[in-house]
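Dropping data_19.csv in here (CSV, C-alpha atoms):
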```
chain,number,residue,atom,x,y,z
A,12,MET,CA,-8.4,-181.7,73.6
A,13,ALA,CA,-8.3,-184.9,71.6
A,14,HIS,CA,-5.3,-185.9,69.6
A,15,GLU,CA,-6.3,-185.4,66.0
A,16,GLN,CA,-4.0,-187.8,64.2
A,17,ARG,CA,-4.6,-191.4,65.5
A,18,SER,CA,-2.5,-194.2,64.1
A,19,GLN,CA,-3.2,-197.9,64.7
A,20,PRO,CA,-0.3,-199.5,66.6
A,21,ASN,CA,1.2,-202.6,65.1
A,22,LEU,CA,1.7,-205.7,67.2
A,23,SER,CA,5.3,-206.8,67.4
A,24,ARG,CA,6.8,-210.2,68.2
A,25,ASN,CA,8.7,-209.1,71.3
A,26,SER,CA,10.1,-211.1,74.2
A,27,TYR,CA,6.8,-212.5,75.4
A,28,VAL,CA,6.2,-213.9,71.9
A,29,ARG,CA,9.6,-215.6,71.9
A,30,ASP,CA,8.7,-217.1,75.3
A,31,MET,CA,5.5,-218.5,73.8
A,32,ASP,CA,7.4,-219.8,70.8
A,33,HIS,CA,9.2,-222.1,73.2
A,34,THR,CA,6.0,-223.7,74.3
A,35,PRO,CA,5.4,-227.1,72.6
A,36,PRO,CA,2.7,-226.6,69.9
A,37,ALA,CA,-0.6,-227.9,71.1
A,38,VAL,CA,-3.1,-225.9,69.0
A,39,ASP,CA,-6.1,-228.0,69.6
A,40,GLN,CA,-5.6,-229.5,73.0
A,41,GLY,CA,-7.8,-228.5,75.9
A,42,PRO,CA,-6.6,-226.4,78.8
A,43,ALA,CA,-4.5,-227.8,81.6
A,44,THR,CA,-6.3,-228.7,84.8
A,45,ALA,CA,-3.6,-227.5,87.2
A,46,ALA,CA,-4.7,-225.3,90.0
A,47,PRO,CA,-4.9,-221.6,89.0
A,48,GLY,CA,-2.1,-219.3,90.0
A,49,PRO,CA,0.7,-217.3,88.3
A,50,PRO,CA,3.2,-219.8,86.9
A,51,THR,CA,7.0,-219.7,87.5
A,52,PHE,CA,8.2,-220.2,83.9
A,53,ASP,CA,10.2,-217.5,82.0
A,54,ARG,CA,8.0,-214.6,81.0
A,55,PRO,CA,8.4,-211.0,79.9
A,56,PRO,CA,10.1,-208.5,82.2
A,57,ALA,CA,7.6,-206.9,84.5
A,58,VAL,CA,6.8,-203.2,84.5
A,59,ALA,CA,8.8,-201.3,87.1
A,60,ASP,CA,7.6,-201.9,90.7
A,61,LEU,CA,5.1,-204.6,89.4
A,62,ASP,CA,5.4,-208.0,91.1
A,63,PRO,CA,6.6,-210.3,88.3
A,64,ASP,CA,4.4,-213.0,89.7
A,65,SER,CA,1.2,-210.9,89.6
A,66,TRP,CA,-1.6,-211.7,87.3
A,67,SER,CA,-1.1,-208.3,85.5
A,68,ALA,CA,2.5,-209.2,84.6
A,69,VAL,CA,1.6,-212.7,83.5
A,70,LEU,CA,-1.6,-212.1,81.5
A,71,ALA,CA,-1.2,-208.6,80.1
A,72,PRO,CA,0.8,-209.5,77.0
A,73,ARG,CA,-1.8,-212.0,75.9
A,74,LEU,CA,-5.0,-210.0,76.5
A,75,ALA,CA,-5.1,-208.3,73.1
A,76,TYR,CA,-4.6,-211.7,71.4
A,77,PHE,CA,-7.4,-213.2,73.4
A,78,ALA,CA,-9.8,-210.3,72.5
A,79,GLY,CA,-8.9,-210.7,68.8
A,80,VAL,CA,-9.6,-214.5,68.8
A,81,ALA,CA,-12.8,-213.9,70.8
A,82,ARG,CA,-14.1,-211.3,68.4
A,83,HIS,CA,-13.4,-213.5,65.3
A,84,GLU,CA,-14.2,-216.8,66.9
A,85,HIS,CA,-11.6,-218.1,64.5
A,86,VAL,CA,-7.9,-218.4,65.1
A,87,THR,CA,-6.7,-218.1,61.5
A,88,ARG,CA,-8.8,-215.0,60.7
A,89,ALA,CA,-7.7,-213.4,64.0
A,90,ALA,CA,-4.1,-214.1,63.2
A,91,GLN,CA,-4.4,-212.5,59.8
A,92,ASP,CA,-6.2,-209.5,61.2
A,93,MET,CA,-3.6,-208.9,63.9
A,94,GLY,CA,-0.6,-209.7,61.6
A,95,VAL,CA,0.9,-212.5,63.7
A,96,PRO,CA,1.5,-216.1,62.9
A,97,GLN,CA,-1.4,-218.4,63.5
A,98,SER,CA,0.8,-220.8,65.5
A,99,THR,CA,1.9,-218.0,67.8
A,100,LEU,CA,-1.7,-217.0,68.4
A,101,SER,CA,-2.8,-220.6,69.1
A,102,ARG,CA,0.0,-221.2,71.6
A,103,ALA,CA,-0.8,-217.9,73.3
A,104,MET,CA,-4.4,-218.9,73.9
A,105,VAL,CA,-3.3,-222.3,75.2
A,106,ARG,CA,-0.8,-220.7,77.5
A,107,LEU,CA,-3.4,-218.2,78.7
A,108,GLU,CA,-5.8,-221.0,79.7
A,109,GLU,CA,-3.0,-222.9,81.4
A,110,ASP,CA,-2.1,-219.8,83.4
A,111,LEU,CA,-5.8,-219.3,84.5
A,112,GLY,CA,-6.5,-223.0,84.9
A,113,ILE,CA,-9.8,-222.7,83.1
A,114,ALA,CA,-11.2,-223.2,79.6
A,115,LEU,CA,-11.9,-219.9,77.8
A,116,PHE,CA,-12.8,-221.5,74.4
A,117,ALA,CA,-14.7,-224.5,73.1
A,118,ARG,CA,-12.7,-225.6,70.1
A,119,LYS,CA,-13.8,-227.1,66.7
A,120,GLY,CA,-10.7,-227.1,64.5
A,121,ARG,CA,-9.6,-223.5,64.1
A,122,THR,CA,-13.1,-222.3,64.9
A,123,VAL,CA,-13.6,-221.4,68.6
A,124,ALA,CA,-16.5,-220.3,70.7
A,125,LEU,CA,-16.3,-218.6,74.1
A,126,THR,CA,-17.2,-220.6,77.2
A,127,HIS,CA,-19.3,-219.0,79.9
A,128,ALA,CA,-16.0,-218.2,81.7
A,129,GLY,CA,-14.5,-216.8,78.5
A,130,ARG,CA,-17.4,-214.4,78.0
A,131,ALA,CA,-17.1,-213.1,81.5
A,132,PHE,CA,-13.3,-212.7,81.1
A,133,LEU,CA,-13.8,-211.0,77.7
A,134,GLY,CA,-15.9,-208.2,79.2
A,135,SER,CA,-13.2,-207.3,81.7
A,136,VAL,CA,-10.4,-207.7,79.1
A,137,GLU,CA,-12.1,-205.3,76.7
A,138,ARG,CA,-12.6,-202.7,79.5
A,139,ALA,CA,-8.9,-203.0,80.4
A,140,LEU,CA,-7.8,-202.7,76.8
A,141,GLY,CA,-10.1,-199.8,76.3
A,142,GLU,CA,-8.5,-198.1,79.3
A,143,VAL,CA,-5.0,-198.8,77.8
A,144,GLU,CA,-6.2,-197.3,74.5
A,145,ARG,CA,-7.5,-194.2,76.3
A,146,ALA,CA,-4.2,-193.8,78.3
A,147,ALA,CA,-2.1,-194.1,75.1
A,148,GLU,CA,-4.2,-191.5,73.3
A,149,SER,CA,-4.0,-189.2,76.3
A,150,VAL,CA,-0.3,-189.2,76.5
A,151,ARG,CA,0.0,-188.9,72.7
A,152,ALA,CA,-2.4,-185.9,72.8
A,153,ASP,CA,-0.4,-184.3,75.6
A,154,ALA,CA,2.8,-184.6,73.5
A,155,ASP,CA,1.2,-183.2,70.3
A,156,PRO,CA,3.3,-180.3,69.0
A,157,ALA,CA,0.3,-178.2,68.1
A,158,SER,CA,-2.2,-179.0,70.9
A,159,GLY,CA,-0.2,-180.7,73.6
A,160,LYS,CA,0.0,-179.9,77.3
A,161,VAL,CA,2.5,-178.0,79.5
A,162,ALA,CA,2.4,-178.4,83.3
A,163,PHE,CA,3.8,-175.1,84.5
A,164,GLY,CA,4.3,-173.9,88.1
A,165,PHE,CA,4.8,-170.3,89.2
A,166,LEU,CA,5.1,-168.2,92.3
A,167,HIS,CA,2.0,-166.5,93.8
A,168,THR,CA,3.6,-163.1,93.1
A,169,MET,CA,3.9,-164.0,89.4
A,170,GLY,CA,0.2,-164.8,89.0
A,171,SER,CA,-1.5,-161.4,88.5
A,172,GLU,CA,0.5,-160.1,85.6
A,173,THR,CA,3.7,-161.9,84.7
A,174,VAL,CA,2.4,-165.4,84.0
A,175,PRO,CA,-0.8,-164.3,82.2
A,176,GLY,CA,1.3,-162.1,80.0
A,177,LEU,CA,3.7,-164.9,79.2
A,178,ILE,CA,1.0,-167.3,78.3
A,179,ARG,CA,-0.8,-164.7,76.2
A,180,ALA,CA,2.4,-164.0,74.2
A,181,PHE,CA,3.3,-167.7,73.8
A,182,ARG,CA,-0.2,-168.6,72.6
A,183,ALA,CA,0.0,-166.0,69.9
A,184,ASP,CA,2.1,-168.5,68.0
A,185,HIS,CA,0.9,-171.7,69.7
A,186,PRO,CA,-2.9,-171.0,70.1
A,187,ARG,CA,-3.9,-174.6,70.8
A,188,VAL,CA,-1.3,-175.6,73.4
A,189,ARG,CA,-2.9,-176.3,76.7
A,190,PHE,CA,-1.6,-175.4,80.2
A,191,GLN,CA,-1.9,-177.2,83.5
A,192,LEU,CA,-1.0,-174.4,85.9
A,193,VAL,CA,0.1,-174.7,89.5
A,194,GLN,CA,0.5,-171.6,91.7
A,195,ASN,CA,2.6,-172.3,94.8
A,196,TYR,CA,5.7,-171.3,96.7
A,197,GLY,CA,9.2,-172.3,95.5
A,198,GLU,CA,10.0,-175.4,97.6
A,199,ALA,CA,6.6,-176.9,96.9
A,200,MET,CA,7.0,-176.5,93.2
A,201,ILE,CA,10.5,-178.1,93.3
A,202,GLU,CA,9.0,-181.1,95.0
A,203,ARG,CA,6.3,-181.3,92.3
A,204,LEU,CA,9.0,-181.1,89.6
A,205,ARG,CA,10.8,-184.0,91.2
A,206,ALA,CA,7.6,-186.0,91.5
A,207,GLY,CA,7.0,-185.5,87.7
A,208,GLU,CA,3.9,-183.4,88.2
A,209,LEU,CA,5.4,-180.3,86.6
A,210,ASP,CA,7.4,-179.8,83.4
A,211,LEU,CA,8.8,-176.3,84.3
A,212,CYS,CA,8.5,-173.9,87.1
A,213,LEU,CA,9.1,-170.2,87.5
A,214,THR,CA,10.7,-169.6,90.9
A,215,SER,CA,12.9,-167.6,93.2
A,216,PRO,CA,15.5,-168.0,94.5
A,217,ILE,CA,16.9,-169.9,91.6
A,218,PRO,CA,17.5,-173.5,92.9
A,219,ASP,CA,21.0,-175.0,92.9
A,220,ALA,CA,20.6,-178.8,93.0
A,221,PRO,CA,22.4,-181.6,91.0
A,222,ASP,CA,19.1,-183.0,89.7
A,223,LEU,CA,17.8,-179.7,88.4
A,224,VAL,CA,18.6,-177.4,85.6
A,225,ALA,CA,17.9,-173.7,86.3
A,226,ARG,CA,18.3,-170.6,84.2
A,227,ARG,CA,18.2,-167.0,85.4
A,228,LEU,CA,15.6,-165.0,83.5
A,229,ASP,CA,15.3,-161.6,85.3
A,230,GLU,CA,15.6,-159.8,88.6
A,231,GLN,CA,13.0,-157.9,90.5
A,232,ARG,CA,13.6,-155.0,92.9
A,233,LEU,CA,12.1,-155.4,96.4
A,234,ARG,CA,10.7,-152.4,98.2
A,235,LEU,CA,10.3,-151.6,101.9
A,236,VAL,CA,6.5,-151.2,102.2
A,237,ILE,CA,5.4,-149.0,105.2
A,238,PRO,CA,2.1,-147.4,106.3
A,239,ASP,CA,1.4,-144.0,104.8
A,240,ASP,CA,1.5,-142.4,108.3
A,241,HIS,CA,4.9,-144.0,109.1
A,242,ARG,CA,7.8,-141.8,110.2
A,243,LEU,CA,9.7,-142.7,107.0
A,244,ALA,CA,6.7,-142.0,104.7
A,245,GLY,CA,8.1,-138.8,103.4
A,246,ARG,CA,11.2,-140.5,102.0
A,247,ARG,CA,11.7,-142.1,98.7
A,248,ARG,CA,14.8,-144.2,99.6
A,249,VAL,CA,15.9,-146.0,102.7
A,250,ARG,CA,18.7,-148.1,104.0
A,251,LEU,CA,17.3,-151.4,105.3
A,252,ALA,CA,19.2,-150.9,108.6
A,253,GLU,CA,16.9,-148.0,109.3
A,254,ALA,CA,14.0,-150.5,109.7
A,255,ALA,CA,15.9,-152.6,112.3
A,256,ASP,CA,13.5,-151.6,115.1
A,257,GLU,CA,10.4,-152.2,113.0
A,258,THR,CA,8.0,-155.1,113.3
A,259,PHE,CA,7.8,-157.1,110.0
A,260,VAL,CA,5.0,-159.0,108.4
A,261,THR,CA,6.5,-161.7,106.1
A,262,LEU,CA,5.7,-164.8,104.2
A,263,GLU,CA,5.9,-168.2,106.0
A,264,PRO,CA,9.2,-170.1,106.3
A,265,GLY,CA,9.7,-172.2,103.1
A,266,TYR,CA,8.7,-169.3,100.8
A,267,GLY,CA,11.6,-168.0,98.7
A,268,LEU,CA,10.7,-164.3,99.5
A,269,ARG,CA,10.9,-165.1,103.2
A,270,ARG,CA,14.4,-166.5,102.8
A,271,ILE,CA,15.4,-163.4,100.8
A,272,THR,CA,13.9,-161.1,103.5
A,273,ASP,CA,15.8,-162.9,106.3
A,274,ASP,CA,19.0,-162.8,104.3
A,275,LEU,CA,18.7,-159.1,103.5
A,276,CYS,CA,17.9,-158.2,107.1
A,277,ALA,CA,21.0,-160.2,108.2
A,278,ALA,CA,23.1,-158.4,105.7
A,279,ALA,CA,21.8,-155.1,107.1
A,280,GLY,CA,22.8,-156.3,110.6
A,281,PHE,CA,19.6,-157.3,112.3
A,282,ARG,CA,17.1,-160.1,112.6
A,283,PRO,CA,13.5,-159.0,111.9
A,284,ARG,CA,10.9,-159.2,114.6
A,285,VAL,CA,7.9,-160.9,112.9
A,286,ALA,CA,4.3,-160.1,113.8
A,287,PHE,CA,2.6,-162.2,111.1
A,288,GLU,CA,3.6,-164.9,108.6
A,289,GLY,CA,1.3,-165.3,105.6
A,290,GLU,CA,1.0,-166.9,102.2
A,291,GLU,CA,0.2,-164.0,99.9
A,292,ALA,CA,2.2,-160.8,99.2
A,293,GLU,CA,-1.0,-158.7,98.8
A,294,THR,CA,-2.3,-159.9,102.2
A,295,LEU,CA,1.0,-158.6,103.7
A,296,ARG,CA,0.5,-155.3,101.9
A,297,GLY,CA,-2.9,-154.9,103.3
A,298,LEU,CA,-1.7,-155.6,106.8
A,299,VAL,CA,1.0,-153.0,106.4
A,300,ALA,CA,-1.7,-150.5,105.4
A,301,ALA,CA,-3.5,-151.5,108.6
A,302,GLY,CA,-0.4,-150.6,110.6
A,303,LEU,CA,0.6,-154.1,111.7
A,304,GLY,CA,4.2,-153.7,110.5
A,305,VAL,CA,6.4,-153.2,107.5
A,306,ALA,CA,7.4,-155.7,104.7
A,307,LEU,CA,9.9,-156.3,101.9
A,308,LEU,CA,7.8,-157.0,98.8
A,309,PRO,CA,8.0,-156.9,95.0
A,310,PRO,CA,6.1,-154.1,93.3
A,311,PRO,CA,2.3,-154.6,93.2
A,312,ALA,CA,0.3,-155.1,90.1
A,313,VAL,CA,-2.0,-152.3,91.2
A,314,ALA,CA,-1.0,-149.6,93.7
A,315,ARG,CA,-2.6,-150.1,97.1
A,316,PRO,CA,-3.8,-147.1,99.1
A,317,GLY,CA,-2.6,-146.7,102.6
A,318,VAL,CA,1.1,-147.7,102.0
A,319,VAL,CA,4.3,-146.0,100.8
A,320,GLU,CA,6.9,-148.1,98.9
A,321,LEU,CA,10.5,-147.1,99.4
A,322,THR,CA,13.5,-148.1,97.3
A,323,VAL,CA,16.1,-149.9,99.4
A,324,THR,CA,19.5,-148.6,98.7
A,325,ALA,CA,21.6,-150.9,100.9
A,326,PRO,CA,21.9,-153.8,100.8
A,327,ARG,CA,20.9,-154.3,97.2
A,328,ALA,CA,17.3,-155.6,97.6
A,329,VAL,CA,16.5,-157.8,94.6
A,330,ARG,CA,15.3,-161.3,93.9
A,331,GLU,CA,16.3,-163.3,90.9
A,332,ILE,CA,13.6,-165.0,88.9
A,333,GLY,CA,14.5,-168.2,87.0
A,334,VAL,CA,13.0,-171.2,85.3
A,335,ALA,CA,13.8,-174.7,86.5
A,336,TRP,CA,13.3,-178.3,85.2
A,337,LEU,CA,14.5,-181.8,86.0
A,338,ASP,CA,17.9,-182.6,84.5
A,339,GLY,CA,17.9,-185.4,81.9
A,340,HIS,CA,14.2,-185.6,81.4
A,341,PRO,CA,13.1,-185.4,77.7
A,342,ASP,CA,10.7,-182.7,76.8
A,343,THR,CA,7.6,-183.2,74.7
A,344,PRO,CA,7.4,-180.8,71.7
A,345,PRO,CA,5.0,-178.3,73.5
A,346,VAL,CA,7.2,-178.3,76.6
A,347,ALA,CA,10.3,-177.7,74.5
A,348,ALA,CA,8.6,-174.9,72.7
A,349,PHE,CA,7.5,-173.1,75.9
A,350,LYS,CA,11.0,-173.6,77.4
A,351,ARG,CA,12.6,-171.9,74.4
A,352,PHE,CA,10.0,-169.1,74.7
A,353,LEU,CA,10.8,-168.5,78.4
A,354,LEU,CA,14.6,-168.5,77.8
A,355,SER,CA,14.1,-166.0,75.0
A,356,ARG,CA,12.5,-163.6,77.5
A,357,ARG,CA,15.7,-163.2,79.5
A,358,GLY,CA,15.8,-159.6,80.9
A,359,GLN,CA,12.2,-159.0,79.6
A,360,LEU,CA,10.3,-161.4,81.8
A,361,LEU,CA,8.7,-158.9,84.2
A,362,PRO,CA,6.3,-156.1,83.2
A,363,ASP,CA,7.7,-152.6,83.3
```
Would you put the structure from the file into structure tokens?
Amino acid sequence: MAHEQRSQPNLSRNSYVRDMDHTPPAVDQGPATAAPGPPTFDRPPAVADLDPDSWSAVLAPRLAYFAGVARHEHVTRAAQDMGVPQSTLSRAMVRLEEDLGIALFARKGRTVALTHAGRAFLGSVERALGEVERAAESVRADADPASGKVAFGFLHTMGSETVPGLIRAFRADHPRVRFQLVQNYGEAMIERLRAGELDLCLTSPIPDAPDLVARRLDEQRLRLVIPDDHRLAGRRRVRLAEAADETFVTLEPGYGLRRITDDLCAAAGFRPRVAFEGEEAETLRGLVAAGLGVALLPPPAVARPGVVELTVTAPRAVREIGVAWLDGHPDTPPVAAFKRFLLSRRGQLLPD
């Protein structure tokens, strides 16, 4: 969704302009004939992880000036249009040609005409500036309070009801906010948080790490899911120790629910014998119905035939659900609004 309010940025005389102001004024002299290559004089600080001697670091500050002069074919008119001193603009063009080691303009006073090399260079410069413009508009659009974007991760088991319900409720007051959704297991989402690919994630167990902020939102009871012809099928409640001799089907290592399953079984005094490790809770439920084993799972969105779900009385079988984000990272307005919304749902996150 395009950003609706677009403002024209103003050029400012920053560090690279000050650097050019130290260049001796030579408005009308031709370009230097030194061999091309990035120079070693003082220049603006390079972007992080960008080689300060690269062409990008050396040339980027002058490209908009070059495009303006090329369009007007007149230094004074270009300077007036861009709101910079004519002397600054002239020195910038001389410095650009010195850096490249080639003439971009044929000069007649303050009137200039592009050389063949200048025209070739202009085409690439305008494409590059257009890409910068699009990138700037994209990040501005993503931060728009009304129609910006939230990159939100959540567990597979939250995808059928919980997350759709949350987004539906949030969009009642923020109908144009966009979501980039990622469904994955907890550790993978934390990695994506740290990589800057997610703004927030709904996860379990709640992470405890110095670079993260996490808030508990709710807890969900886990059930022992057994086949409907199992010896315990006539019960409503069970102690987990009663399943010590059973074969389990579980999620793969690395999934939060697998870690919780292992911890609960350890608390009950046994280590589960695992027949299958999967990626989806509903797949496990289906395998339980097929008689492959038993499983500790959260309640299903829709009851599945062929299984019985027992309340676990000991140990207390729950998983905490929380929201996490990177500590110290500023939120855009739509991310801040969705974070406030999630925190307001404490104790009311999960459907009844």
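Distances to Thr322 in chain A were evaluated for A:Ala154, A:Leu133, A:Met104, A:Val249 using all atoms listed in the file, and the minimum falls at A:Val249.
Among the candidates A:Trp336, A:Phe190, A:Tyr196, A:Phe181, the one nearest to Gly159 in chain A when counting only C-alpha atoms is A:Phe190.
Here the selection is built from all atoms listed in the file, and the residues within 9 Å of (20.6, -171.6, 81.8) turn out to be A:Val224, A:Ala225, A:Arg226, A:Arg227, A:Leu228, A:Gly333, A:Val334, A:Ala335, A:Leu354.
CA of Leu295 in chain A is positioned 15.7 Å from CA of Ser171 in chain A.
Remark: for Leu213 in chain A, the closest of the candidate residues A:Lys160, A:Arg282, A:Arg246, A:His167 is A:His167 (distances computed over all atoms listed in the file).
You can rank A:Gly304, A:Pro345, A:Gly176, A:Pro309 by their closest distance to Ala292 in chain A using all atoms listed in the file, and at the top of that list sits A:Pro309.
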(message) Distance cut-off 8 Å, centre (17.9, -162.0, 83.9) in file coordinates, counting all atoms listed in the file: which residues qualify? Return them as a PyMOL selection string.
(response) chain A and resi 227-230+331-333+357-360
Resulting file, chosen residues, C-alpha atoms, as an mmCIF file, in the coordinates of the input:
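And here is the file that came out, again-v8.cif:
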```
data_model
loop_
_atom_site.group_PDB
_atom_site.id
_atom_site.type_symbol
_atom_site.label_atom_id
_atom_site.label_comp_id
_atom_site.auth_asym_id
_atom_site.auth_seq_id
_atom_site.Cartn_x
_atom_site.Cartn_y
_atom_site.Cartn_z
ATOM 1 C CA ARG A 227 18.200 -167.000 85.400
ATOM 2 C CA LEU A 228 15.600 -165.000 83.500
ATOM 3 C CA ASP A 229 15.300 -161.600 85.300
ATOM 4 C CA GLU A 230 15.600 -159.800 88.600
ATOM 5 C CA GLU A 331 16.300 -163.300 90.900
ATOM 6 C CA ILE A 332 13.600 -165.000 88.900
ATOM 7 C CA GLY A 333 14.500 -168.200 87.000
ATOM 8 C CA ARG A 357 15.700 -163.200 79.500
ATOM 9 C CA GLY A 358 15.800 -159.600 80.900
ATOM 10 C CA GLN A 359 12.200 -159.000 79.600
ATOM 11 C CA LEU A 360 10.300 -161.400 81.800
#
```
(request) Please identify all polymer residues within 10 Å of range 88-92 of chain A, counting all atoms listed in the file, omitting same-chain residues fewer than 4 positions from it, and present them as a ChimeraX atom specification. (result) /A:76-84,96-101,121-122
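With all atoms listed in the file as the basis for measurement, A:Arg102 is the residue among A:Arg234, A:Arg102, A:Arg179, A:His85 that approaches Arg73 in chain A most closely.
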